Amino acid sequence: MNKNNSVFKSQAQGNLKKRHRVSKIWRNSFFLSTTIGIFSLVILLFSIINQAFGYVIVENKVDPASLSSIPLKSLEREELISILQENLSKNRFKTIQRDNPVEELKRSELVGLVTSEIIKPTTLKSYFLIPSLTNKAEIIRTQQDEFPNAVVQFRSWISLSFLSDPLSTNPDTTGIRTALIGSLWIIVVTVIIAFPIGIGAAIYLEEYSSNNWLSRIIKTNIDNLAGIPSIVYGLLGLAIFVRGLNLITSGAFIGIDQSNGRTILSAALTMSLLILPLIIINAQEAIRAVPSSLRQASYGLGATRLQTIWYHVLPAAMPGILTGTILAVSRAIGETAPLILVGASSFINKDPSGLFSNFTVLPIQIYNWTTRPQAEFRNVAAASILVLLIVLLTLNTAAILLRNHFSKNKAA
Amino acid sequence: MTENKNQPIITVKDLSIFYKTFRAVKNVDLEIFENKITAIIGPSGCGKSTVLRSFNRMNDFIPGASIQGNILFHDKNIYDEDVDPVQVRRMIGMVFQKPNPFPKSIYENIAWGAKMNGYSGNMDDLVEKTLQDAALWDEVKDELNKNALSLSGGQQQRLCIARALAVKPEIILMDEPCSALDPIATLKIEDLMRELSHNYSIIIVTHNMQQAARASDMTAFFTMDEDRAGVMVEYGLTTQIFTNPKNKQTEDYITGRFG
C-alpha cells in the first residue's frame with residue numbers, strides 16, 4: 001500500500017510540466033497566426049484609408065469670388081445659368097446645352113457645372129493622411145513657396161459628390177457613380193440568373209438523381225468547375241455571350257441599336273457561370289444537412305416529393321443556401337479579369353440604364369486608376385476601394401439578416 | 001382465436017424484403033385486425049421496423065429496397081403497379097422513433113398535412129379536435145403559435161401522433177414511439193394508444209416487452225434466422241404470447257434468456 005502510494009507520488013507530476021510547456025507553445029503559435037491575420041487586415045485598411053484622406057494644394061483657374069460676391073451654393077438657378085453664359089465661349093455653352101439642357105438641371109448640378117467648367121480647380125499636389133496630420137506646417141510652407149496662388153484644403157476623396165458624380169478624366173471632379181451603378185446592375189442580374197438555376201441543380205442532384213456513375217461524374221465536375229480561374233470564364237463569356245449570342249446580348253433582337261454584345265447582360269451571364277458552381281455546391285451541402293427525419297415526417301403524412309422539398313427541405317436548407325450565395329456574390333463583385341475580357345469599358349460617363357447598356361464596374365475603375373501616372377488617381381482609387389468594401393459589407397449584411405430571419409423560423 | 005371472426009384490415013402474405021441482394025425479412029405471414037393494437041417485438045436487427053415501414057411503403061425511399069409477396073390492405077395489394085404510394089401513406093399514417101415535429105408552430109404542424117391532403121373544412125376545429133384526440137389540447141391550447149420544438153419530448157411525440165390523426169388515416173404505424181421518452185411520458189402515450197384504438201388500428205414496434213404486454217392486444221414475435229434474415233416466430237393474442245408461448249424461442253426471449 002505504502003509502496004504504491006510513493007510510486008504514485010513520483011508519477012503524479014510526471015509529464016505535467018512538459019505537457020504544459022508544449023501546450024503553451026502551441027497555444028501561442030495559434031494566437032500568433034490569428035494576430036498575423038488581423039494585423040495584415042489592419043495594415044490593408046490603414047493604407048487604404050491613409051490614401052483616401054489628406055491635404056491637397058488646389059489652384060482655381062478662376063477665383064470664385066470674382067464670379068459672385070456670395071458663395072456659389074447660395075445662388076439661384078437663374079444666376080448660375082447667367083454665370084455660365086457669361087464666362088463660357090458660345091460653342092462650349094452650346095455643347096453643354098446639347099448634352100444636358102441647363103434649364104432642366106437641378107441647382108446642385110448647376111453648381112457642379114460652374115465649378116468644373118469655369119472655376120476648374122486643379123489639384124497641384126496631394127498628401128496622404130499621415131503626413132497631413134503630422135506635418136501640416138511643411139505642407140503650408142510648400143504651398144507658399146511653390147504655389148503662391150493656390151490654397152491648402154483638407155480633402156476626403158470619398159464624399160457624397162464622389163458617389164453621385166459620373167466618371168471623368170479629371171481626378172478632381174471624377175465620381176464613381178457610373179461604375180457603382182454598373183457593379184450593382186451586374187450583381188443583381190447575376191443573382192437573379194444564378195440563384196434559381198443553382199438551387200434547382202442542387203435540388204435535382206440531392207433529391208432526385210440516383211447515385212450512379214453519371215451523377216458522380218457530374219458532381220465531381222461541378223466541384224472542379226468551382227476551382228477554374230475566372231479568366232477562363234471570361235474567355236468563355238467572350239466567345240459565347242459577346243460573340244456567339246451577339247444578337248441576343250446586344251439587344252438587337254428587340255430592336256435596340258447597339259453595335260456589340262459587350263453589355264450588362266453578357267457580363268451578368270458570364271458572372272452567373274462563374275458563381276454557379278459555388279452556389280450549387282453550397283446548396284447541395286445545405287440540402288444534405290437537412291435531417292432525414294424531417295423528410296420522413298412529411299412523407300409519412302402523405303405528402304408528395306415536391307411538397308416535401310418545397311415546404312420542408314428548402315426552408316430548412318435556406319440559411320445554408322444563403323450563406324453560400326453570400327460567398328459567391330462577394331467573389332463576383334470583386335472579379336475584374338472576366339469582365340475585362342467580356343468588354344467592360346474602361347471609360348464611360350453614361351450610366352448603364354438596362355440590360356443592354358455598356359458598363360464598367362468598380363474593380364475595373366480601381367485597376368484603371370492605379371495604372372495612371374498622376375498621383376491624384378491613387379487617392380481616387382483608394383476612395384473607390386472604400387466604396388467597394390462598403391458595397392460588399394452592405395450586401396453581406398443584407399444577406400446575413402435574411403439568413404437570420406430564416407434561421408429564426410427553424411430554431412425553437 | 002376469437003379475433004378470427006373479424007376481417008383482417010391488413011393481410012401480409014409470404015412477405016420478403018430485400019436491401020439490394022441481402023434478404024432482411026423472409027416469408028412473413030401476418031394478419032392485422034381492425035381497432036386492435038398489434039405489437040411487433042424481437043431482438044435488434046430482426047427486421048421489425050423494416051416490416052412496419054413496408055406497410056406504408058416508406059421503404060420506397062431506401063435505395064435498393066425491394067419486396068416480394070403481398071401486403072393486402074382492404075384486399076388490395078399496396079405494391080400493385082396502379083397503387084399511388086402517396087395515397088397509401090395518407091390512409092396508413094406513421095409515428096417515428098424520435099419525435100420529429102416540423103420546425104413550425106404547433107398549429108401549422110397539425111394543419112400542414114391536412115392542407116396538403118386537400119382538407120377544406122374548418123382548420124381551427126380540426127386542430128382542436130386532433131389535439132384533443134392526442135390528449136395534448138389542455139397543455140397547448142394557449143400557445144398554438146409557439147414553435148413545436150419548444151415542447152417537451154413527450155409532448156412532441158403526442159403532437160406527432162396528432163399530426164398523423166389530422167390526415168384521418170385508418171391505421172397508425174408506430175416505430176418505437178417511446179424509446180426516446182421517460183417512463184411518465186411513455187405511460188401517457190400508452191394510455192393514448194388505448195384511447196385511439198377505438199377508432200384506429202395501431203401497429204407498434206417496440207423493444208420494450210413490458211410495453212407490448214401492457215399496451216397491445218396482439219403480439220408478433222420476430223427473430224433472426226441463421227442467415228441474418230428476420231422471420232416471424234409466433235403471432236397471437238398478447239396474453240397468450242406472454243403467458244403461454246407455444247414456441248421455445250419466444251419463451252426464451254420474453255423471459256429474458258436471450259435478446
# chains A, B, ... in the order shown; residues from 1 in each chain; ligands from 1
>>> interface_residues(of="chain B", to="chain A", cutoff="6 Å", atoms="only C-alpha atoms", output="mmCIF file with N, CA and C atoms, in the first residue's frame")
data_model
loop_
_atom_site.group_PDB
_atom_site.id
_atom_site.type_symbol
_atom_site.label_atom_id
_atom_site.label_comp_id
_atom_site.auth_asym_id
_atom_site.auth_seq_id
_atom_site.Cartn_x
_atom_site.Cartn_y
_atom_site.Cartn_z
ATOM 1 N N VAL B 86 -48.398 7.612 -52.300
ATOM 2 C CA VAL B 86 -48.800 8.775 -51.512
ATOM 3 C C VAL B 86 -50.174 8.515 -50.878
ATOM 4 N N ARG B 89 -49.913 6.198 -47.928
ATOM 5 C CA ARG B 89 -49.405 6.848 -46.713
ATOM 6 C C ARG B 89 -50.450 7.755 -46.083
ATOM 7 N N ARG B 90 -51.381 8.231 -46.890
ATOM 8 C CA ARG B 90 -52.449 9.035 -46.297
ATOM 9 C C ARG B 90 -53.377 8.163 -45.470
ATOM 10 N N GLY B 93 -50.965 6.066 -41.548
ATOM 11 C CA GLY B 93 -50.064 7.101 -41.043
ATOM 12 C C GLY B 93 -48.922 6.497 -40.259
ATOM 13 N N MET B 94 -47.954 7.347 -39.892
ATOM 14 C CA MET B 94 -46.785 6.812 -39.211
ATOM 15 C C MET B 94 -46.268 7.782 -38.153
ATOM 16 N N PRO B 103 -40.316 22.167 -37.824
ATOM 17 C CA PRO B 103 -39.878 23.378 -37.097
ATOM 18 C C PRO B 103 -40.813 24.554 -37.362
ATOM 19 N N GLY B 113 -50.330 18.835 -42.861
ATOM 20 C CA GLY B 113 -50.654 17.565 -43.505
ATOM 21 C C GLY B 113 -52.063 17.569 -44.054
ATOM 22 N N ASN B 147 -43.472 27.607 -31.295
ATOM 23 C CA ASN B 147 -42.737 26.647 -32.097
ATOM 24 C C ASN B 147 -42.821 25.254 -31.460
ATOM 25 N N LEU B 149 -40.909 22.843 -31.530
ATOM 26 C CA LEU B 149 -39.664 22.314 -30.965
ATOM 27 C C LEU B 149 -39.461 22.752 -29.517
ATOM 28 N N SER B 150 -40.281 23.716 -29.048
ATOM 29 C CA SER B 150 -40.128 24.144 -27.665
ATOM 30 C C SER B 150 -40.895 23.229 -26.706
#
>>> residues_around(residues="A:Ser345", least_positions_apart="6", cutoff="9 Å", atoms="only C-alpha atoms", output="PyMOL selection string")
chain A and resi 262+358-361+364
>>> atom_distance(atom1="atom CA of A:Thr336", atom2="atom CA of A:Met318")
29.2 Å
>>> residues_around(residues="A:Ala383", least_positions_apart="6", cutoff="8 Å", atoms="only C-alpha atoms", output="list in words")
Ile48, Ile49, Gln51, Ala52, Trp157 and Ile158 of chain A
>>> residues_around(residues="stretch 94-108 of chain A", least_positions_apart="2", cutoff="10 Å", atoms="only C-alpha atoms", output="list of chain:residue names")
A:Leu72, A:Lys73, A:Ser74, A:Leu75, A:Glu76, A:Arg77, A:Glu78, A:Leu80, A:Ile81, A:Leu84, A:Gln85, A:Leu88, A:Ser89, A:Lys90, A:Asn91, A:Arg92, A:Leu110, A:Val111, A:Gly112, A:Leu113, A:Val114, A:Glu117
>>> write_last_selection(atoms="N, CA and C atoms", output="mmCIF file, in the first residue's frame")
data_model
loop_
_atom_site.group_PDB
_atom_site.id
_atom_site.type_symbol
_atom_site.label_atom_id
_atom_site.label_comp_id
_atom_site.auth_asym_id
_atom_site.auth_seq_id
_atom_site.Cartn_x
_atom_site.Cartn_y
_atom_site.Cartn_z
ATOM 1 N N LEU A 72 -21.211 80.310 -54.197
ATOM 2 C CA LEU A 72 -21.964 79.753 -55.325
ATOM 3 C C LEU A 72 -23.189 78.964 -54.871
ATOM 4 N N LYS A 73 -23.011 78.240 -53.772
ATOM 5 C CA LYS A 73 -24.063 77.316 -53.336
ATOM 6 C C LYS A 73 -25.349 78.038 -52.975
ATOM 7 N N SER A 74 -25.223 79.321 -52.592
ATOM 8 C CA SER A 74 -26.456 80.011 -52.200
ATOM 9 C C SER A 74 -27.053 80.838 -53.344
ATOM 10 N N LEU A 75 -26.497 80.673 -54.539
ATOM 11 C CA LEU A 75 -27.059 81.400 -55.684
ATOM 12 C C LEU A 75 -28.304 80.705 -56.222
ATOM 13 N N GLU A 76 -29.157 81.502 -56.904
ATOM 14 C CA GLU A 76 -30.344 80.931 -57.537
ATOM 15 C C GLU A 76 -29.956 80.276 -58.862
ATOM 16 N N ARG A 77 -30.861 79.469 -59.388
ATOM 17 C CA ARG A 77 -30.579 78.770 -60.646
ATOM 18 C C ARG A 77 -30.308 79.754 -61.787
ATOM 19 N N GLU A 78 -31.148 80.773 -61.863
ATOM 20 C CA GLU A 78 -31.027 81.730 -62.976
ATOM 21 C C GLU A 78 -29.656 82.412 -62.945
ATOM 22 N N LEU A 80 -26.906 81.226 -61.664
ATOM 23 C CA LEU A 80 -25.874 80.264 -62.054
ATOM 24 C C LEU A 80 -25.821 80.115 -63.568
ATOM 25 N N ILE A 81 -27.034 80.059 -64.195
ATOM 26 C CA ILE A 81 -27.077 79.908 -65.653
ATOM 27 C C ILE A 81 -26.449 81.119 -66.331
ATOM 28 N N LEU A 84 -22.783 80.939 -66.218
ATOM 29 C CA LEU A 84 -22.301 80.025 -67.250
ATOM 30 C C LEU A 84 -22.249 80.719 -68.606
ATOM 31 N N GLN A 85 -23.368 81.408 -68.940
ATOM 32 C CA GLN A 85 -23.444 82.068 -70.256
ATOM 33 C C GLN A 85 -22.366 83.137 -70.411
ATOM 34 N N LEU A 88 -18.483 81.364 -70.396
ATOM 35 C CA LEU A 88 -18.064 80.315 -71.322
ATOM 36 C C LEU A 88 -18.148 80.821 -72.746
ATOM 37 N N SER A 89 -17.320 80.205 -73.612
ATOM 38 C CA SER A 89 -17.433 80.549 -75.029
ATOM 39 C C SER A 89 -18.782 80.047 -75.542
ATOM 40 N N LYS A 90 -19.283 80.677 -76.598
ATOM 41 C CA LYS A 90 -20.598 80.314 -77.141
ATOM 42 C C LYS A 90 -20.668 78.846 -77.510
ATOM 43 N N ASN A 91 -19.571 78.372 -78.158
ATOM 44 C CA ASN A 91 -19.570 76.985 -78.623
ATOM 45 C C ASN A 91 -19.625 76.004 -77.465
ATOM 46 N N ARG A 92 -18.811 76.290 -76.433
ATOM 47 C CA ARG A 92 -18.783 75.401 -75.277
ATOM 48 C C ARG A 92 -20.165 75.335 -74.628
ATOM 49 N N LEU A 110 -26.015 72.487 -61.343
ATOM 50 C CA LEU A 110 -25.510 73.721 -61.960
ATOM 51 C C LEU A 110 -24.236 74.187 -61.252
ATOM 52 N N VAL A 111 -24.241 74.091 -59.916
ATOM 53 C CA VAL A 111 -23.037 74.461 -59.164
ATOM 54 C C VAL A 111 -21.865 73.615 -59.629
ATOM 55 N N GLY A 112 -22.114 72.291 -59.796
ATOM 56 C CA GLY A 112 -21.073 71.384 -60.266
ATOM 57 C C GLY A 112 -20.551 71.807 -61.628
ATOM 58 N N LEU A 113 -21.486 72.204 -62.491
ATOM 59 C CA LEU A 113 -21.123 72.603 -63.846
ATOM 60 C C LEU A 113 -20.253 73.861 -63.833
ATOM 61 N N VAL A 114 -20.665 74.839 -63.022
ATOM 62 C CA VAL A 114 -19.881 76.075 -62.910
ATOM 63 C C VAL A 114 -18.480 75.750 -62.409
ATOM 64 N N GLU A 117 -16.535 73.750 -65.193
ATOM 65 C CA GLU A 117 -16.327 74.422 -66.478
ATOM 66 C C GLU A 117 -15.584 75.754 -66.337
#
>>> residues_around(residues="B:Cys178", least_positions_apart="2", cutoff="10 Å", atoms="only C-alpha atoms", output="PDB file with C-alpha atoms, in the first residue's frame")
ATOM      1  CA  PHE B  96     -41.405   7.697 -35.746  1.00  0.00           C
ATOM      2  CA  GLN B  97     -38.885   6.655 -33.141  1.00  0.00           C
ATOM      3  CA  LYS B  98     -37.598  10.137 -32.455  1.00  0.00           C
ATOM      4  CA  PRO B  99     -40.222  12.872 -32.162  1.00  0.00           C
ATOM      5  CA  GLY B 153     -40.130  15.223 -25.861  1.00  0.00           C
ATOM      6  CA  GLY B 154     -43.343  13.522 -24.741  1.00  0.00           C
ATOM      7  CA  GLN B 157     -44.386  12.806 -29.740  1.00  0.00           C
ATOM      8  CA  MET B 174     -45.630   3.460 -34.567  1.00  0.00           C
ATOM      9  CA  ASP B 175     -41.929   2.728 -34.791  1.00  0.00           C
ATOM     10  CA  GLU B 176     -40.670   2.514 -31.193  1.00  0.00           C
ATOM     11  CA  ALA B 180     -36.697   8.453 -26.577  1.00  0.00           C
ATOM     12  CA  LEU B 181     -39.125   9.239 -23.753  1.00  0.00           C
ATOM     13  CA  ASP B 182     -39.101   8.965 -19.989  1.00  0.00           C
ATOM     14  CA  PRO B 183     -41.411   6.462 -18.211  1.00  0.00           C
ATOM     15  CA  ALA B 185     -44.319  10.287 -20.996  1.00  0.00           C
ATOM     16  CA  THR B 186     -44.288   6.655 -22.116  1.00  0.00           C
ATOM     17  CA  LEU B 187     -47.308   5.837 -19.970  1.00  0.00           C
ATOM     18  CA  LYS B 188     -49.170   8.806 -21.402  1.00  0.00           C
ATOM     19  CA  ILE B 189     -48.541   7.567 -24.927  1.00  0.00           C
ATOM     20  CA  GLU B 190     -49.684   4.073 -23.975  1.00  0.00           C
ATOM     21  CA  VAL B 205     -42.803  -1.853 -32.969  1.00  0.00           C
ATOM     22  CA  THR B 206     -41.227  -1.910 -29.540  1.00  0.00           C
ATOM     23  CA  HIS B 207     -38.094  -3.033 -27.793  1.00  0.00           C
ATOM     24  CA  ASN B 208     -39.842  -2.848 -24.501  1.00  0.00           C
ATOM     25  CA  GLN B 211     -44.877  -2.141 -23.112  1.00  0.00           C
TER      26      GLN B 211
END
>>> residues_around(residues="A:Ser161", least_positions_apart="3", cutoff="9 Å", atoms="only C-alpha atoms", output="ChimeraX atom specification")
/A:158,164-165,173-176
